[in-house]
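What follows is one structure encoded as structure tokens, with my remarks underneath.
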Amino acid sequence: MECRHLSRQRRLHGLLSIVLLDTANLVALIAMFISSPTQGLIFLFCYLGGSAVIVYSYCSKCPCRDQACAHVVPGMLASLLPRRRPGKYTGADLLGVALPVTVLLIFPQSALMSFGWPFYLYWGLISAGILDIVMFVCPGCGNKRCLVKGRHSGFAEEHEID
Ligand code: SF4
């Protein structure tokens, strides 16, 4: 599968997953602002900075970034950042994804737990977003170097939806 074709179904699921994950982050942001405006501001900074680091580390090396990014927004952001040649992801690239994701996941947990139901809403949205990506976005993606794609390649071939 090359990065030439992006079906409507994959784009729809790609956008849906972004909405689900960003809604989870919005729930976390509101909980943190209510708990402590300072922590809310730090989380907002981490979210914006972390997203830019993730896009630069991962998406800017993705061959699908210009025309076939099913998530649309990261591909658009990647084309605004300095271009990097598609190729194997290095340890630094993977760290550029793992570190922001870990911070963004762990940081709001205490505030979310103190409110009760937003904690469950947050994890429900995160789980639905990840499930949507693995089931409907990864299959058909042309980024052969993607570790997530590689892990689910068997599933991807079986459930090709393009
Ligand atoms: S397909 Fe995935 S890795 Fe490629 S630009 Fe879009 S979000 Fe980034």
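Labels for the structure tokens follow display order: chains A, B, ..., residues from 1 in each chain, ligands from 1.
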
Worksheet item: Hey, which residues come within 8 Å of ligand 1 if we count only C-alpha atoms and all ligand atoms? Could you give them as a ChimeraX atom specification?
Response: /A:55,58-66,68-76,78,141-143,146

Worksheet entry | helix (DSSP H, G or I) per DSSP on the backbone: members of stretch 84-162 of chain A, as a ChimeraX atom specification | /A:91-106,109-115,117-137,147-151,153-158

Worksheet item: Near A:Leu104, within 9 Å and counting only C-alpha atoms, which residues show up once chain neighbours fewer than 6 positions away are dropped, as a ChimeraX atom specification?
Response: /A:25,43,46-47,50
